[in-house]
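The block underneath contains the structure these notes are about, expressed in structure tokens.
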Amino acid sequence: MGTPADHLPPPHKDEAIISLFGSIGLAKPTSIISPKVSAEYHRIYMITMNNGIEYVLRVSGNHIPTIKTENEVAVMSWLKQRTTIPIPEVISYDSTCNNPLQREYTLCTRAYGDTMSDIYTSLSQAQLDGFMDQVIDILLQLHESDWTAIGGLKFTNSGTIEMGPVLEETFWQVPDIEAFWPAGETVSSLNIGGPYPSYVAYISAHIRKYIYAIQIHEKLDFMRDSVGRLELFLQALQDHAVELNNVKLKLAHKDLHLANIMYDRETSRITAVLDWEFSGVVPFTRWNPSRAFFWNGLATPKSKVEKDSMMQKFSKRCTERGVTILEDAQFSSPLQEAMQEAATYLRSIVEVAPRGQCQDLVGGWKETVFKNLALFGV
């Protein structure tokens with residue numbers, strides 16, 4: 001089963017990277033270094049030019065073709081145009097494989113500083129307090145604009161930015177589709193598209209995809225007695241749409257853990273927020289869907305304690321500044337929360353059962369889905 005990092009492209013020879021640089025009008029690099037550690041979805045190369053300028057070349061796997069690269073670049077371009085959030089500058093990108101690397105890629109300026117997850121325990125209290133204020137300022141800018149649809153961003157043929165399909169890290173991706181699903185299934189057949197005009201439209205699209213998955217995958221046959229109720233649930237969502245759609249739509253990073261934040265100790269400033277590939281416009285209740293905010297990237301009990309502690313400090317500082325990010329992201333009604341919880345647990349079932357995982361848990365998750373459906377009279 002593995003992880004996305006297990007399906008990265010093999011290392012590229014220097015000649016291919018040099019050829020890429022020539023094809024986009026850049027000089028030959030003087031140094032090309034591939035760090036031992038790669039990103040989850042990209043193989044990374046640190047590039048140094050003759051004039052001392054440094055770039056980061058991120059070569060993508062085929063996990064979610066085209067739309068992942070385009071979404072990230074479109075979001076970063078929008079942020080550069082509309083905010084002062086510190087992010088790398090995109091020098092070049094290709095969301096196709098029609099280039100010397102024969103892979104999707106992004107070439108960005110290098111962000112200086114240290115990864116916050118590596119240094120936050122060594123910072124002074126004053127630095128941590130300042131860091132917290134900078135994060136709040138970043139979120140305020142990110143959430144300042146109101147949107148009219150749920151989805152990612154993409155470029156039009158004329159180069160302007162518009163709403164695009166939803167992109168979520170929990171999507172079924174090419175390597176696992178090939179491993180666990182019948183021949184012929186694709187990223188688009190198993191995942192939602194979009195953009196969607198409302199919270200109900202977004203959740204309904206998910207439910208329809210889950211029904212489809214239940215009907216075609218043999219390891220989801222234990223859920224087939226639920227299909228009728230799920231179809232009634234779809235109707236109930238329409239019946240309660242006014243209440244359920246009472247939510248703000250906001251642009252969110254969605255994976256703002258400490259390893260995605262670069263920090264300069266000397267200036268005590270955040271120098272860059274990285275990895276915008278799964279960002280997009282979401283119902284504000286979903287701004288932190290994986291609860292990764294302030295996580296240090298380590299799967300240990302201690303890291304959870306530290307994350308919870310930072311979250312408490314963040315909440316306190318928001319209150320002191322009169323910032324209502326956390327309050328604004330609360331569900332507006334118990335029924336709205338039940339809608340989301342039903343979809344979340346159903347997604348979990350559809351995510352793990354085809355892989356043969358969590359067989360001791362899926363029965364309980366099914367009951368949780370039913371409990372939330374019952375609140376709709378289903």
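Letters A, B, ... go to the chains of the structure tokens in the order shown; residues in each chain start at 1; ligands are counted from 1 in the same order.
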For this session: Could you give me, as an MDAnalysis selection string, the residues within 12 Å of A:Val305, counting only C-alpha atoms and dropping anything in the same chain fewer than 5 positions from it?
Result: chainID A and resid 294:296 298:300 310:312
For this session: Step one, run DSSP on the backbone; step two, keep only residues of stretch 29-276 of chain A assigned to strand (DSSP E or B); then write them as a VMD selection string.
Result: chain A and resid 31 to 33 42 to 48 54 to 60 90 to 94 105 to 109 114 to 115 150 to 155 161 to 164 196 249 to 252 261 to 264 269 to 273
Requested write-out: N, CA and C atoms of the selected residues, as a compact mmCIF listing (two decimals), in the first residue's frame:
# COMPACT_ATOMS: atom_id res chain seq x y z
N SER A 31 25.10 23.96 -10.14
CA SER A 31 25.00 22.89 -9.15
C SER A 31 23.58 22.35 -9.12
N ILE A 32 23.47 21.02 -9.10
CA ILE A 32 22.17 20.34 -8.99
C ILE A 32 22.31 19.30 -7.88
N ILE A 33 21.58 19.50 -6.81
CA ILE A 33 21.66 18.58 -5.66
C ILE A 33 20.28 18.02 -5.38
N HIS A 42 6.58 15.00 -4.40
CA HIS A 42 7.57 15.51 -5.36
C HIS A 42 8.97 15.01 -5.04
N ARG A 43 9.73 14.80 -6.10
CA ARG A 43 11.17 14.64 -5.93
C ARG A 43 11.78 16.04 -6.03
N ILE A 44 12.67 16.35 -5.10
CA ILE A 44 13.18 17.71 -4.95
C ILE A 44 14.62 17.82 -5.44
N TYR A 45 14.91 18.93 -6.13
CA TYR A 45 16.28 19.24 -6.56
C TYR A 45 16.58 20.69 -6.17
N MET A 46 17.73 20.88 -5.54
CA MET A 46 18.19 22.23 -5.18
C MET A 46 19.15 22.69 -6.27
N ILE A 47 18.81 23.79 -6.91
CA ILE A 47 19.53 24.27 -8.08
C ILE A 47 20.24 25.59 -7.77
N THR A 48 21.52 25.67 -8.11
CA THR A 48 22.27 26.92 -7.95
C THR A 48 22.73 27.40 -9.32
N GLU A 54 19.33 30.74 -6.28
CA GLU A 54 19.00 29.35 -5.99
C GLU A 54 17.52 29.09 -6.25
N TYR A 55 17.26 27.94 -6.85
CA TYR A 55 15.89 27.53 -7.15
C TYR A 55 15.62 26.17 -6.51
N VAL A 56 14.33 25.88 -6.39
CA VAL A 56 13.89 24.55 -5.98
C VAL A 56 13.06 23.97 -7.11
N LEU A 57 13.50 22.85 -7.65
CA LEU A 57 12.77 22.14 -8.69
C LEU A 57 12.01 20.99 -8.04
N ARG A 58 10.70 20.98 -8.19
CA ARG A 58 9.85 19.94 -7.61
C ARG A 58 9.24 19.15 -8.76
N VAL A 59 9.63 17.88 -8.87
CA VAL A 59 9.16 17.02 -9.96
C VAL A 59 8.09 16.09 -9.40
N SER A 60 6.92 16.16 -9.99
CA SER A 60 5.75 15.49 -9.42
C SER A 60 5.64 14.04 -9.86
N VAL A 90 6.95 31.41 -8.30
CA VAL A 90 6.96 30.38 -9.33
C VAL A 90 7.66 30.93 -10.57
N ILE A 91 8.76 30.30 -10.95
CA ILE A 91 9.54 30.72 -12.12
C ILE A 91 9.00 30.06 -13.38
N SER A 92 8.67 28.77 -13.26
CA SER A 92 8.16 28.02 -14.41
C SER A 92 7.42 26.80 -13.88
N TYR A 93 6.49 26.31 -14.68
CA TYR A 93 5.80 25.07 -14.31
C TYR A 93 5.25 24.42 -15.56
N ASP A 94 4.93 23.16 -15.44
CA ASP A 94 4.25 22.44 -16.52
C ASP A 94 3.33 21.42 -15.88
N TYR A 105 6.10 19.49 -13.30
CA TYR A 105 7.09 20.08 -12.38
C TYR A 105 6.70 21.51 -12.04
N THR A 106 7.27 22.01 -10.95
CA THR A 106 7.27 23.45 -10.65
C THR A 106 8.70 23.85 -10.31
N LEU A 107 9.10 25.01 -10.79
CA LEU A 107 10.41 25.58 -10.47
C LEU A 107 10.15 26.89 -9.73
N CYS A 108 10.62 26.95 -8.49
CA CYS A 108 10.36 28.11 -7.63
C CYS A 108 11.65 28.67 -7.06
N THR A 109 11.59 29.91 -6.63
CA THR A 109 12.71 30.47 -5.88
C THR A 109 12.84 29.72 -4.56
N ASP A 114 14.82 28.19 8.28
CA ASP A 114 14.71 26.82 8.77
C ASP A 114 13.26 26.38 8.75
N THR A 115 13.08 25.08 8.60
CA THR A 115 11.74 24.52 8.71
C THR A 115 11.28 24.66 10.16
N ILE A 150 -17.12 26.37 -4.10
CA ILE A 150 -16.16 25.50 -3.43
C ILE A 150 -15.34 24.79 -4.50
N GLY A 151 -14.01 24.86 -4.39
CA GLY A 151 -13.16 24.19 -5.37
C GLY A 151 -11.74 24.70 -5.28
N GLY A 152 -10.92 24.24 -6.22
CA GLY A 152 -9.57 24.75 -6.34
C GLY A 152 -9.56 25.95 -7.27
N LEU A 153 -8.36 26.31 -7.72
CA LEU A 153 -8.21 27.38 -8.70
C LEU A 153 -7.51 26.84 -9.94
N LYS A 154 -7.72 27.50 -11.05
CA LYS A 154 -7.06 27.12 -12.30
C LYS A 154 -6.92 28.34 -13.18
N PHE A 155 -6.12 28.20 -14.23
CA PHE A 155 -5.92 29.29 -15.19
C PHE A 155 -6.88 29.12 -16.37
N ILE A 161 -7.24 33.80 -13.53
CA ILE A 161 -7.48 32.73 -12.55
C ILE A 161 -8.97 32.62 -12.27
N GLU A 162 -9.48 31.39 -12.30
CA GLU A 162 -10.88 31.15 -12.00
C GLU A 162 -11.01 29.91 -11.12
N MET A 163 -12.23 29.65 -10.65
CA MET A 163 -12.47 28.46 -9.84
C MET A 163 -12.25 27.20 -10.68
N GLY A 164 -11.70 26.17 -10.03
CA GLY A 164 -11.46 24.90 -10.68
C GLY A 164 -11.99 23.76 -9.85
N TYR A 196 -18.27 23.66 -6.89
CA TYR A 196 -19.63 23.48 -6.42
C TYR A 196 -20.16 24.77 -5.81
N LEU A 249 -17.53 30.72 2.66
CA LEU A 249 -16.59 30.00 1.80
C LEU A 249 -15.28 30.77 1.78
N LYS A 250 -14.19 30.11 2.17
CA LYS A 250 -12.90 30.77 2.34
C LYS A 250 -11.78 29.97 1.68
N LEU A 251 -10.76 30.67 1.20
CA LEU A 251 -9.56 30.02 0.71
C LEU A 251 -8.75 29.51 1.89
N ALA A 252 -8.32 28.26 1.83
CA ALA A 252 -7.58 27.65 2.94
C ALA A 252 -6.41 26.85 2.41
N ILE A 261 6.20 25.57 7.04
CA ILE A 261 6.48 26.98 7.35
C ILE A 261 7.98 27.16 7.52
N MET A 262 8.56 28.08 6.76
CA MET A 262 9.98 28.43 6.88
C MET A 262 10.12 29.67 7.74
N TYR A 263 11.20 29.69 8.56
CA TYR A 263 11.36 30.76 9.56
C TYR A 263 12.82 31.17 9.64
N ASP A 264 13.06 32.47 9.70
CA ASP A 264 14.42 33.01 9.81
C ASP A 264 14.66 33.42 11.26
N ARG A 269 11.22 36.14 11.56
CA ARG A 269 10.11 36.28 10.63
C ARG A 269 9.86 34.97 9.88
N ILE A 270 8.59 34.71 9.59
CA ILE A 270 8.24 33.63 8.67
C ILE A 270 8.68 34.07 7.27
N THR A 271 9.46 33.22 6.61
CA THR A 271 9.96 33.59 5.28
C THR A 271 9.15 32.96 4.15
N ALA A 272 8.42 31.87 4.43
CA ALA A 272 7.61 31.26 3.38
C ALA A 272 6.64 30.25 3.96
N VAL A 273 5.48 30.18 3.34
CA VAL A 273 4.52 29.09 3.56
C VAL A 273 4.57 28.23 2.31
For this session: In Å, rounded to a single decimal, give me how far atom CA of A:Thr66 is from atom CA of A:Asn157.
Result: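 These two atoms are separated by 15.0 Å.
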Exercise. Between A:His143, A:Arg347, A:Lys80, A:Arg355, which one has atoms that come closest to A:His253, using only C-alpha atoms?
Worked result: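 Comparing A:His143, A:Arg347, A:Lys80, A:Arg355 against A:His253, the winner is A:His143.
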Seminar exercise, completed: The distance between atom CA of A:Gln336 and atom CA of A:Leu244 is 5.0 Å
Exercise. Contacts of A:Thr324 at 10 Å or less, counting only C-alpha atoms, minus same-chain residues fewer than 4 places along, as a ChimeraX atom specification?
Worked result: /A:140,315,318-319,328-329
Exercise. Any idea what the distance is between atom CA of A:Thr3 and atom CA of A:Trp172?
Worked result: 12.1 Å
